[in-house]
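J.: Have a look at the structure that comes next, please.
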Amino acid sequence: MAAPVGRCLWRALAPRRGWVFPGLDQRLAAAPAVVSAAPPARPYAAAAKTAKKGSQKTKQEEKKKKQVTRRWPLMSKPVDDVYLTWYYERPSYDVEEAVGMLKKFQELDFTYPKQYVYINVFLDMALQKKKKVDPFASNVLLPYRFTDETNKVLVFTENEQEAEIARENGAAVVGGVELIKWILEDEIQVDFYVAVPAIMPKLIPLRNKLRRKYPSTKRNSLGHDIPKMLQLFREGLEYMVEDERVIKTRIARLDMPTEQIVANLKAVIQDICTFKPSTQGPFVQKLVIRSSTSEGLLLNLDGLLPQVEKAEGEKNVGDEEEPAEDEEKHVQEPVST
């Protein structure tokens with residue numbers, strides 16, 4: 001582009017170039033060579049360096065380690081009535097004291113006096129070698145009933161005498177193989193299913209349909225004692241493990257006496273502990289009680305968990321002491337002679 005412009009300028013100033021621009025001809029002659037000099041072409045561009053994935057991970061891990069916040073140990077008890085709760089340990093109460101507090105909350109808040117009492121049970125489901133206890137469900141008969149509601153129970157049996165006993169004890173539906181088709185088509189819907197062992201081979205088509213409600217000895221829904229099974233599933237309380245480690249269920253009404261609420265709570269806890277593996281330590285980690293309109297109160301576990309381990313330990317100690325006494329007798333006999 002610069003070379004044509006220089007030529008045009010040369011032609012226009014050719015008559016007077018000597019006295020107007022002295023030495024212009026030499027500059028214009030050298031200009032095309034200077035301007036037309038192009039930079040050397042680069043056959044390739046340098047590749048951008050990519051960061052290694054491993055180095056990024058290590059940097060992120062280092063940042064996480066550096067960002068660990070140090071928490072001061074929580075204080076045990078506040079001195080004043082007004083305090084920041086996250087600076088202190090959560091207080092725990094005996095079960096009788098906690099129930100009394102729930103009753104007092106109801107009186108101060110003017111809420112419904114016959115509201116339900118709930119518990120949240122937090123379990124330790126971990127086993128050795130990264131295994132876990134399978135989530136379970138169960139029914140338990142409470143010492144004191146708090147509702148008049150009853151569940152509908154279906155009884156599988158082909159024996160006329162057993163069928164008559166089931167009807168007398170409040171079974172909603174009683175029958176044999178003829179009920180399978182109606183259950184698969186959702187024409188019969190009940191809360192629980194129980195059966196006698198003789199009919200179980202014929203109920204296999206219902207396994208996928210009923211799932212956890214399928215009769216089994218593990219859930220006490222399979223056996224010969226039909227009245228006992230009907231009482232358990234008609235009047236009993238059902239609970240199950242949620243979120244892999246939490247049991248949430250109601251246990252009583254707030255207007256019931258404190259002794260009855262405590263008895264129902266202990267019955268539920270004892271039934272939960274029956275699912276504890278023999279090789280595992282404490283099964284119940286935390287226990288919270290609340291009413292429908294109150295906050296949750298953390299309970300002391302002392303006196304609530306079954307004392308099976310201590311009893312077994314005492315028996316073992318007693319067994320060890322008896323042989324010791326026998327040995328003393330054997331040692332004393334030759335001395336007396």
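FYI, nothing fancy with the structure tokens labels: chains A, B, ... in order, residues from 1 per chain, ligands from 1 as they appear.
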Using DSSP assignments from the backbone, pull out every residue in segment 133-211 of chain A that falls under strand (DSSP E) and give it to me as a ChimeraX atom specification.
T.: /A:137-140,153-156,173-175,192-195
J.: Would you mind exporting the chosen residues as an mmCIF file, in the first residue's frame, restricted to all heavy atoms?
T.:
data_model
loop_
_atom_site.group_PDB
_atom_site.id
_atom_site.type_symbol
_atom_site.label_atom_id
_atom_site.label_comp_id
_atom_site.auth_asym_id
_atom_site.auth_seq_id
_atom_site.Cartn_x
_atom_site.Cartn_y
_atom_site.Cartn_z
ATOM 1 N N ALA A 137 -38.557 -52.738 59.983
ATOM 2 C CA ALA A 137 -39.859 -52.243 60.439
ATOM 3 C C ALA A 137 -40.442 -53.277 61.383
ATOM 4 O O ALA A 137 -40.155 -54.478 61.267
ATOM 5 C CB ALA A 137 -40.789 -51.998 59.258
ATOM 6 N N SER A 138 -41.257 -52.830 62.321
ATOM 7 C CA SER A 138 -41.786 -53.755 63.314
ATOM 8 C C SER A 138 -43.081 -53.200 63.892
ATOM 9 O O SER A 138 -43.405 -52.024 63.723
ATOM 10 C CB SER A 138 -40.761 -53.990 64.427
ATOM 11 O OG SER A 138 -41.269 -54.878 65.405
ATOM 12 N N ASN A 139 -43.795 -54.091 64.583
ATOM 13 C CA ASN A 139 -45.006 -53.728 65.331
ATOM 14 C C ASN A 139 -44.807 -54.103 66.787
ATOM 15 O O ASN A 139 -44.226 -55.160 67.083
ATOM 16 C CB ASN A 139 -46.233 -54.445 64.779
ATOM 17 C CG ASN A 139 -46.683 -53.885 63.451
ATOM 18 O OD1 ASN A 139 -45.972 -53.972 62.456
ATOM 19 N ND2 ASN A 139 -47.868 -53.315 63.423
ATOM 20 N N VAL A 140 -45.268 -53.269 67.668
ATOM 21 C CA VAL A 140 -45.114 -53.516 69.102
ATOM 22 C C VAL A 140 -46.423 -53.186 69.808
ATOM 23 O O VAL A 140 -47.095 -52.206 69.477
ATOM 24 C CB VAL A 140 -43.952 -52.677 69.676
ATOM 25 C CG1 VAL A 140 -44.154 -51.195 69.429
ATOM 26 C CG2 VAL A 140 -43.763 -52.954 71.156
ATOM 27 N N VAL A 153 -56.750 -56.299 59.138
ATOM 28 C CA VAL A 153 -55.817 -57.410 58.984
ATOM 29 C C VAL A 153 -56.500 -58.514 58.183
ATOM 30 O O VAL A 153 -57.653 -58.867 58.438
ATOM 31 C CB VAL A 153 -55.354 -57.949 60.354
ATOM 32 C CG1 VAL A 153 -54.308 -59.051 60.171
ATOM 33 C CG2 VAL A 153 -54.800 -56.824 61.212
ATOM 34 N N LEU A 154 -55.755 -59.055 57.211
ATOM 35 C CA LEU A 154 -56.221 -60.183 56.404
ATOM 36 C C LEU A 154 -55.498 -61.445 56.876
ATOM 37 O O LEU A 154 -54.283 -61.418 57.099
ATOM 38 C CB LEU A 154 -55.949 -59.931 54.921
ATOM 39 C CG LEU A 154 -56.431 -60.978 53.919
ATOM 40 C CD1 LEU A 154 -56.828 -60.313 52.594
ATOM 41 C CD2 LEU A 154 -55.371 -62.042 53.650
ATOM 42 N N VAL A 155 -56.238 -62.548 57.003
ATOM 43 C CA VAL A 155 -55.675 -63.813 57.463
ATOM 44 C C VAL A 155 -55.771 -64.835 56.338
ATOM 45 O O VAL A 155 -56.860 -65.082 55.799
ATOM 46 C CB VAL A 155 -56.415 -64.326 58.711
ATOM 47 C CG1 VAL A 155 -55.828 -65.668 59.167
ATOM 48 C CG2 VAL A 155 -56.328 -63.312 59.836
ATOM 49 N N PHE A 156 -54.610 -65.409 55.972
ATOM 50 C CA PHE A 156 -54.565 -66.481 54.975
ATOM 51 C C PHE A 156 -54.623 -67.827 55.686
ATOM 52 O O PHE A 156 -53.722 -68.171 56.467
ATOM 53 C CB PHE A 156 -53.270 -66.404 54.158
ATOM 54 C CG PHE A 156 -53.234 -65.281 53.167
ATOM 55 C CD1 PHE A 156 -52.423 -64.175 53.390
ATOM 56 C CD2 PHE A 156 -53.996 -65.326 52.007
ATOM 57 C CE1 PHE A 156 -52.373 -63.140 52.477
ATOM 58 C CE2 PHE A 156 -53.952 -64.288 51.093
ATOM 59 C CZ PHE A 156 -53.143 -63.190 51.328
ATOM 60 N N VAL A 173 -60.597 -59.729 56.731
ATOM 61 C CA VAL A 173 -60.801 -60.640 55.608
ATOM 62 C C VAL A 173 -60.139 -61.969 55.960
ATOM 63 O O VAL A 173 -59.016 -61.982 56.494
ATOM 64 C CB VAL A 173 -60.196 -60.089 54.295
ATOM 65 C CG1 VAL A 173 -60.470 -61.040 53.135
ATOM 66 C CG2 VAL A 173 -60.740 -58.696 53.991
ATOM 67 N N VAL A 174 -60.809 -63.066 55.661
ATOM 68 C CA VAL A 174 -60.265 -64.401 55.902
ATOM 69 C C VAL A 174 -60.486 -65.225 54.643
ATOM 70 O O VAL A 174 -61.575 -65.217 54.058
ATOM 71 C CB VAL A 174 -60.944 -65.091 57.107
ATOM 72 C CG1 VAL A 174 -60.312 -66.469 57.354
ATOM 73 C CG2 VAL A 174 -60.832 -64.227 58.358
ATOM 74 N N GLY A 175 -59.448 -65.929 54.200
ATOM 75 C CA GLY A 175 -59.590 -66.754 53.001
ATOM 76 C C GLY A 175 -58.298 -67.458 52.662
ATOM 77 O O GLY A 175 -57.309 -67.401 53.397
ATOM 78 N N PHE A 192 -52.465 -54.989 57.042
ATOM 79 C CA PHE A 192 -51.484 -56.032 57.299
ATOM 80 C C PHE A 192 -52.030 -57.382 56.844
ATOM 81 O O PHE A 192 -53.245 -57.573 56.713
ATOM 82 C CB PHE A 192 -51.119 -56.093 58.794
ATOM 83 C CG PHE A 192 -50.485 -54.837 59.309
ATOM 84 C CD1 PHE A 192 -51.233 -53.923 60.029
ATOM 85 C CD2 PHE A 192 -49.149 -54.565 59.063
ATOM 86 C CE1 PHE A 192 -50.663 -52.755 60.498
ATOM 87 C CE2 PHE A 192 -48.572 -53.400 59.528
ATOM 88 C CZ PHE A 192 -49.323 -52.498 60.239
ATOM 89 N N TYR A 193 -51.086 -58.308 56.606
ATOM 90 C CA TYR A 193 -51.412 -59.657 56.165
ATOM 91 C C TYR A 193 -50.713 -60.650 57.085
ATOM 92 O O TYR A 193 -49.499 -60.525 57.324
ATOM 93 C CB TYR A 193 -50.942 -59.896 54.724
ATOM 94 C CG TYR A 193 -51.529 -58.931 53.716
ATOM 95 C CD1 TYR A 193 -50.977 -57.661 53.531
ATOM 96 C CD2 TYR A 193 -52.634 -59.276 52.945
ATOM 97 C CE1 TYR A 193 -51.512 -56.771 52.608
ATOM 98 C CE2 TYR A 193 -53.171 -58.396 52.015
ATOM 99 C CZ TYR A 193 -52.605 -57.142 51.863
ATOM 100 O OH TYR A 193 -53.132 -56.268 50.943
ATOM 101 N N VAL A 194 -51.465 -61.631 57.590
ATOM 102 C CA VAL A 194 -50.891 -62.707 58.396
ATOM 103 C C VAL A 194 -51.327 -64.033 57.778
ATOM 104 O O VAL A 194 -52.317 -64.105 57.045
ATOM 105 C CB VAL A 194 -51.334 -62.621 59.869
ATOM 106 C CG1 VAL A 194 -50.895 -61.311 60.490
ATOM 107 C CG2 VAL A 194 -52.836 -62.779 59.991
ATOM 108 N N ALA A 195 -50.564 -65.076 58.086
ATOM 109 C CA ALA A 195 -50.836 -66.372 57.464
ATOM 110 C C ALA A 195 -50.355 -67.492 58.371
ATOM 111 O O ALA A 195 -49.525 -67.284 59.269
ATOM 112 C CB ALA A 195 -50.155 -66.468 56.090
#
J.: Any chance you could list, as a PyMOL selection string, the residues in segment 213-289 of chain A that come up helix (DSSP H, G or I) when DSSP is run on the backbone?
T.: chain A and resi 213+226-235+258-273
J.: Fewer than 2 positions away in the same chain doesn't count, so skip those; otherwise give me all residues within 8 Å of Leu297 of chain A, counting only C-alpha atoms, as an MDAnalysis selection string.
T.: chainID A and resid 92:93 98 288:290 295 299
J.: For those residues, write C-alpha atoms to a file as a compact mmCIF listing (two decimals), in the first residue's frame.
T.:
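Listed below is the output, out-v2.txt:
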# COMPACT_ATOMS: atom_id res chain seq x y z
CA SER A 92 -30.39 -33.65 78.43
CA TYR A 93 -33.19 -34.60 80.80
CA ALA A 98 -38.93 -34.18 80.09
CA VAL A 288 -35.46 -36.99 71.52
CA ILE A 289 -39.03 -36.57 72.80
CA ARG A 290 -41.50 -33.87 71.80
CA GLU A 295 -39.56 -28.33 70.81
CA LEU A 299 -33.24 -37.60 76.93
J.: Quick check, in Å to one decimal: how far apart do atom CA of Arg250 of chain A and atom CA of Val117 of chain A lie?
T.: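 Going from atom CA of Arg250 of chain A over to atom CA of Val117 of chain A covers 5.6 Å.
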J.: For each of A:Glu244, A:Glu96, A:Asp148, A:Glu178, take the minimum atom-to-atom distance to Gly303 of chain A, counting only C-alpha atoms, then give the residue where this is smallest.
T.: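 Ranked by minimum distance to Gly303 of chain A, first place goes to A:Glu96.
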J.: When you count only C-alpha atoms, which of these residues is closest to Ala126 of chain A: A:Arg253, A:Lys103, A:Arg245, A:Lys286?
T.: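 Of the candidates, the smallest distance to Ala126 of chain A is held by A:Arg245.
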J.: For atom CA of Gln231 of chain A and atom CA of Ala267 of chain A, determine how far apart the two atoms are, in Å to one decimal place.
T.: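 Between atom CA of Gln231 of chain A and atom CA of Ala267 of chain A the gap is 16.2 Å.
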J.: Which value, in Å to one decimal, gives the distance between atom CA of Leu74 of chain A and atom CA of Leu298 of chain A?
T.: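 Computed distance, atom CA of Leu74 of chain A to atom CA of Leu298 of chain A, equals 16.6 Å.
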J.: Of the residues A:Met125, A:Met229, A:Leu222, A:Ala163, which is the one nearest to Pro282 of chain A, using only C-alpha atoms?
T.: A:Met125
